[in-house]
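This report concerns only the one structure given below.
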2 protein chains.
Amino acid sequence: MTLQRRGSGGQGPRDEGDGTEADTGLRLDGYLPYRLSVASNAVSGLIARAYEDRFGLTVPQWRLLCVLAEDGGLTQVQIVARTVMDKVTVSRSAQGLVKRRLIARSQNAADGRSHVLALTPEGRALHAEIAPLALAYEAALISGLSPEDVKLLKRLLMRLQTAAGQLSGEAEPPRSLG
Amino acid sequence: MTLQRRGSGGQGPRDEGDGTEADTGLRLDGYLPYRLSVASNAVSGLIARAYEDRFGLTVPQWRLLCVLAEDGGLTQVQIVARTVMDKVTVSRSAQGLVKRRLIARSQNAADGRSHVLALTPEGRALHAEIAPLALAYEAALISGLSPEDVKLLKRLLMRLQTAAGQLSGEAEPPRSLG
DNA sequence: GCCATATAGTTTCATATGATACTATATGGG
DNA sequence: CCCATATAGTATCATATGAAACTATATGGC
């Protein structure tokens, strides 16, 4: 799909009420990508600081712990497909977690290039310790929102993600969601 | 505010259906901060590539153009307050735009430390050229969503941002939105 | 007026990120 | 079996980011 320009055909909305306001109909505060980015940065920053301060985990590392806790042993390629992270990010996160003995690699009989990553008991314990906190953060963030609003919000976010993916590489919508 | 743990009180959702699933009630795919981050990254990446490829602008630079187009001359501190960007980011963005003659600094009579930034004619022209494209991207992203959904989405994003800010530094909710 | 403190903006530095190149293993055609 | 190509994962490099230090100006107490 190609995004064709509007305007310049002469039909653009031109308001000349006040002197300073732009005549483009674009207001940053109401611009969805901006709102999305600002909200995400605020939330991510909050969460990232919490994981970093209390547990010495980066967000990618925490995601690794989560998917391994959920799905059991996975290779890095599987983790890349499952989460939406770069393979370099996954590689580095895994190295850090291995070093801390929170995950372990085991030989992958089926493929000598890859290893299977899985939580160690310590990793499982840490995940179990952090998870309630993560849920508490989520609960605090959405306190005041109705469950219906939250469900709708998640659905809308998924749709934005899919739309962005399609507009971008024409890569098919993310298959990551079970 | 302190986040008290849930669970352990006995009312947490505990599913023990399958063997591998963690017993924490946390699923990454349904975790709001994760969904938010992934959606934001997808959208931001799309937008950033567009501005970079076609106009050689970073997203922060584009935001500067926007707020200066909307509000007229501003100092960097005002831009920091208006957008949600670090002062270093604003400083560097401004330097780049000045170098390209898209904005100009003028002496601030009221304060010798700061200068007033304003769009040059070229900057105004570029903003007017990009704005329709930006709006087209937004339109493409939300195509298929009802206007009510979009309005609700923006409102929910604002609330998340406010909640994150309060949970974070106890800094008061962002005053950036006019 | 003079100094202590605050603020606007820049520079420096340490870290995070991802594109690209690289190594090692896999796989299929001949 | 051998080679061309693909893939899993790592290393390298160039860039982006923001915290903290720094410079220059402002402001208020005395």
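Starting from 1 in every chain, residues are counted up; chains themselves are A, B, ... following the order of the structure tokens, and ligands are numbered from 1 as listed.
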
>> Which residues are close to D:DA8, i.e. within 9 Å by only C-alpha atoms (C1' of nucleotides), leaving aside same-chain residues fewer than 6 positions away? Reply as JSON, numbers by chain.
In response: {"A": [75, 76, 77, 111, 112, 113, 114, 115], "C": [24, 25]}

Practice problem: Please provide as a VMD selection string all residues within 9 Å of A:Ser93, with the sequence filter that same-chain residues fewer than 4 positions apart are discarded (counting only C-alpha atoms (C1' of nucleotides)). | Solution: chain A and resid 58 60 to 62 64 88 to 89 97 to 98

Problem set entry | Given only C-alpha atoms (C1' of nucleotides) as the counted atoms, nearest of A:Leu26, A:Leu46, A:Val67, A:Ala110 to chain C |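 Under the stated criterion, the closest residue is A:Ala110.
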
Backbone-only DSSP, strand (DSSP E or B) members of chain B, as a list of chain:residue names:
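Strand (DSSP E or B) members of chain B, listed: B:Leu74, B:Ile103, B:Ala104, B:Arg105, B:Ser106, B:Gln107, B:His115, B:Val116, B:Leu117, B:Ala118, B:Leu119.
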
Please check the contacts: residues of chain C at most 12 Å away from chain A, using only C-alpha atoms (C1' of nucleotides), listed as a compact mmCIF listing (two decimals) with N, CA and C atoms (P, O5', C5', C4', C3', O3' and C1' of nucleotides), in the first residue's frame.
```txt
# COMPACT_ATOMS: atom_id res chain seq x y z
P DA C 16 23.15 -1.09 29.55
O5' DA C 16 22.28 -0.71 28.26
C5' DA C 16 21.41 0.40 28.34
C4' DA C 16 20.68 0.56 27.01
C3' DA C 16 20.27 -0.76 26.36
O3' DA C 16 19.00 -0.58 25.76
C1' DA C 16 21.74 0.43 24.92
P DT C 17 18.21 -1.82 25.17
O5' DT C 17 18.37 -1.65 23.61
C5' DT C 17 18.01 -0.41 23.01
C4' DT C 17 18.56 -0.37 21.61
C3' DT C 17 18.34 -1.66 20.81
O3' DT C 17 17.26 -1.44 19.93
C1' DT C 17 20.50 -0.64 20.44
P DG C 18 16.59 -2.72 19.24
O5' DG C 18 17.31 -2.73 17.81
C5' DG C 18 17.38 -1.53 17.08
C4' DG C 18 18.38 -1.66 15.95
C3' DG C 18 18.27 -2.96 15.14
O3' DG C 18 18.69 -2.67 13.81
C1' DG C 18 20.40 -2.79 15.99
P DA C 19 17.84 -3.26 12.61
O5' DA C 19 18.82 -3.05 11.37
C5' DA C 19 19.37 -1.77 11.12
C4' DA C 19 20.78 -1.88 10.55
C3' DA C 19 20.96 -2.97 9.49
O3' DA C 19 21.69 -2.42 8.40
C1' DA C 19 22.51 -3.30 11.26
P DT C 20 22.01 -3.34 7.12
O5' DT C 20 23.45 -3.97 7.40
C5' DT C 20 24.52 -3.12 7.78
C4' DT C 20 25.76 -3.94 8.05
C3' DT C 20 25.95 -5.12 7.08
O3' DT C 20 27.25 -5.07 6.55
C1' DT C 20 26.15 -5.84 9.34
P DT C 23 35.00 -15.51 10.28
O5' DT C 23 34.20 -16.54 11.20
C5' DT C 23 34.23 -16.36 12.61
C4' DT C 23 33.43 -17.46 13.28
C3' DT C 23 33.73 -18.87 12.76
O3' DT C 23 33.86 -19.75 13.86
C1' DT C 23 31.42 -18.43 12.58
P DA C 24 34.32 -21.27 13.61
O5' DA C 24 32.93 -22.06 13.73
C5' DA C 24 32.16 -21.91 14.91
C4' DA C 24 30.85 -22.64 14.73
C3' DA C 24 30.98 -24.04 14.13
O3' DA C 24 30.15 -24.93 14.86
C1' DA C 24 29.46 -22.78 12.87
P DT C 25 30.35 -26.50 14.67
O5' DT C 25 28.96 -26.95 14.03
C5' DT C 25 27.78 -26.74 14.76
C4' DT C 25 26.62 -26.67 13.82
C3' DT C 25 26.31 -27.98 13.07
O3' DT C 25 25.01 -28.39 13.44
C1' DT C 25 26.18 -26.10 11.64
P DA C 26 24.37 -29.70 12.88
O5' DA C 26 23.51 -29.21 11.64
C5' DA C 26 22.49 -28.26 11.88
C4' DA C 26 21.69 -28.00 10.61
C3' DA C 26 21.26 -29.25 9.84
O3' DA C 26 19.92 -29.06 9.44
C1' DA C 26 22.46 -27.80 8.42
P DT C 27 19.02 -30.31 9.05
O5' DT C 27 18.67 -29.98 7.55
C5' DT C 27 18.74 -28.64 7.09
C4' DT C 27 18.72 -28.62 5.57
C3' DT C 27 18.42 -29.97 4.89
O3' DT C 27 17.62 -29.74 3.76
C1' DT C 27 20.44 -29.12 4.10
```

Contacts from chain D to chain B, 8 Å maximum, only C-alpha atoms (C1' of nucleotides): show me the residue list as a VMD selection string.
chain D and resid 18 24 to 26

Write the residues of the selection above to a file with C-alpha atoms (C1' of nucleotides), as a PDB file, in the first residue's frame.
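Contents of out.pdb, freshly written:
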```pdb
ATOM      1  C1'  DG D  18      20.244  10.098  29.050  1.00  0.00           C
ATOM      2  C1'  DA D  24      26.889  31.006  31.479  1.00  0.00           C
ATOM      3  C1'  DT D  25      23.321  33.838  33.066  1.00  0.00           C
ATOM      4  C1'  DA D  26      19.676  35.043  36.558  1.00  0.00           C
TER       5       DA D  26
END
```

- Mind checking which residues fall within 10 Å of A:Gln161, counting only C-alpha atoms (C1' of nucleotides), ignoring those fewer than 6 positions away in the same chain, and posting them as a list in words? Arg155, Leu167, Pro173 and Pro174 of chain A; Arg35, Leu36, Ser37, Val38, Ala39, Ser40, Asn41, Ala42, Val43 and Leu141 of chain B

Among stretch 37-147 of chain A, which residues does DSSP mark as helix (DSSP H, G or I) when it is run on the backbone? Keep the chain and numbering as in the structure and answer as a compact mmCIF listing (two decimals) with C-alpha atoms, in the first residue's frame.
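Final output, saved to selection-v4.txt:
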```
# COMPACT_ATOMS: atom_id res chain seq x y z
CA SER A 37 5.05 6.74 22.24
CA VAL A 38 4.75 9.02 25.25
CA ALA A 39 2.50 6.62 27.12
CA SER A 40 4.73 3.68 26.32
CA ASN A 41 7.85 5.52 27.39
CA ALA A 42 6.28 6.49 30.68
CA VAL A 43 5.12 2.97 31.42
CA SER A 44 8.27 1.28 30.16
CA GLY A 45 10.43 3.63 32.16
CA LEU A 46 8.52 2.88 35.30
CA ILE A 47 8.69 -0.85 34.79
CA ALA A 48 12.30 -0.86 33.64
CA ARG A 49 13.42 1.04 36.71
CA ALA A 50 11.57 -1.34 38.97
CA TYR A 51 13.14 -4.45 37.46
CA GLU A 52 16.56 -2.90 37.27
CA ASP A 53 16.62 -1.49 40.77
CA ARG A 54 15.20 -4.41 42.61
CA PHE A 55 16.37 -7.38 40.60
CA VAL A 59 13.31 -5.53 30.35
CA PRO A 60 14.48 -7.94 27.64
CA GLN A 61 15.88 -10.23 30.30
CA TRP A 62 12.61 -10.13 32.14
CA ARG A 63 10.78 -11.03 28.94
CA LEU A 64 13.04 -14.01 28.49
CA LEU A 65 12.27 -15.19 32.00
CA CYS A 66 8.58 -14.81 31.27
CA VAL A 67 8.44 -16.76 28.06
CA LEU A 68 10.64 -19.48 29.45
CA ALA A 69 8.43 -19.70 32.50
CA GLU A 70 5.38 -19.90 30.29
CA ASP A 71 6.57 -22.14 27.53
CA GLN A 76 16.68 -18.24 20.80
CA VAL A 77 15.02 -18.26 17.43
CA GLN A 78 11.83 -19.41 19.06
CA ILE A 79 12.12 -16.65 21.61
CA VAL A 80 12.65 -14.09 18.88
CA ALA A 81 9.49 -15.32 17.18
CA ARG A 82 7.57 -15.45 20.41
CA LYS A 87 17.99 -11.61 17.87
CA VAL A 88 20.97 -9.63 19.12
CA THR A 89 18.94 -8.43 22.07
CA VAL A 90 17.87 -11.96 22.82
CA SER A 91 21.43 -13.21 22.52
CA ARG A 92 22.78 -10.66 24.96
CA SER A 93 19.92 -11.08 27.38
CA ALA A 94 20.42 -14.81 27.38
CA GLN A 95 24.13 -14.43 28.02
CA GLY A 96 23.43 -12.24 31.01
CA LEU A 97 20.89 -14.65 32.42
CA VAL A 98 23.17 -17.63 31.90
CA LYS A 99 25.93 -15.82 33.71
CA PRO A 121 15.38 -23.42 39.76
CA GLU A 122 16.80 -20.03 40.72
CA GLY A 123 15.36 -18.53 37.58
CA ARG A 124 12.01 -20.04 38.29
CA ALA A 125 12.12 -18.75 41.83
CA LEU A 126 13.02 -15.25 40.68
CA HIS A 127 10.26 -15.26 38.13
CA ALA A 128 7.79 -16.36 40.76
CA GLU A 129 9.00 -13.57 42.98
CA ILE A 130 8.74 -10.85 40.39
CA ALA A 131 5.49 -11.88 38.76
CA PRO A 132 3.22 -10.63 41.55
CA LEU A 133 5.01 -7.32 41.49
CA ALA A 134 4.60 -7.08 37.74
CA LEU A 135 0.92 -7.78 38.10
CA ALA A 136 0.66 -5.21 40.86
CA TYR A 137 2.20 -2.61 38.58
CA GLU A 138 -0.27 -3.46 35.87
CA ALA A 139 -3.11 -3.29 38.36
CA ALA A 140 -1.95 0.10 39.59
CA LEU A 141 -1.68 1.40 36.05
CA ILE A 142 -5.17 0.35 35.09
CA PRO A 147 -12.16 -4.24 32.70
```

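Distances from B:Leu102, B:Met85, B:Ala164, B:Leu57 to chain A were compared using only C-alpha atoms, and the smallest one belongs to B:Ala164.
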
inquiry  = Between atom CA of B:Tyr31 and atom C1' of D:DG9, what is the distance in Å, rounded to a tenth?
reply    =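 Taking atom CA of B:Tyr31 as the start and atom C1' of D:DG9 as the end point, the length is 28.2 Å.
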
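Of note, atom C1' of D:DC22 and atom CA of B:Arg105 are spaced 22.4 Å apart.
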
Neighbour list for D:DT23 as an mmCIF file with C-alpha atoms (C1' of nucleotides), in the first residue's frame, cut-off 12 Å, only C-alpha atoms (C1' of nucleotides), skip fewer than 4 positions in-chain:
```cif
data_model
loop_
_atom_site.group_PDB
_atom_site.id
_atom_site.type_symbol
_atom_site.label_atom_id
_atom_site.label_comp_id
_atom_site.auth_asym_id
_atom_site.auth_seq_id
_atom_site.Cartn_x
_atom_site.Cartn_y
_atom_site.Cartn_z
ATOM 1 C CA ARG B 113 20.719 32.160 28.891
ATOM 2 C "C1'" DA C 8 19.160 27.347 30.360
ATOM 3 C "C1'" DG C 9 21.723 24.965 27.592
ATOM 4 C "C1'" DT C 10 25.864 22.104 26.157
ATOM 5 C "C1'" DT C 11 29.369 18.644 26.654
#
```

Practice item. For atom CA of B:Ile103 and atom CA of B:Val84, quote the distance in Å rounded to one decimal. Key: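 Calculated distance between atom CA of B:Ile103 and atom CA of B:Val84 is 19.7 Å.
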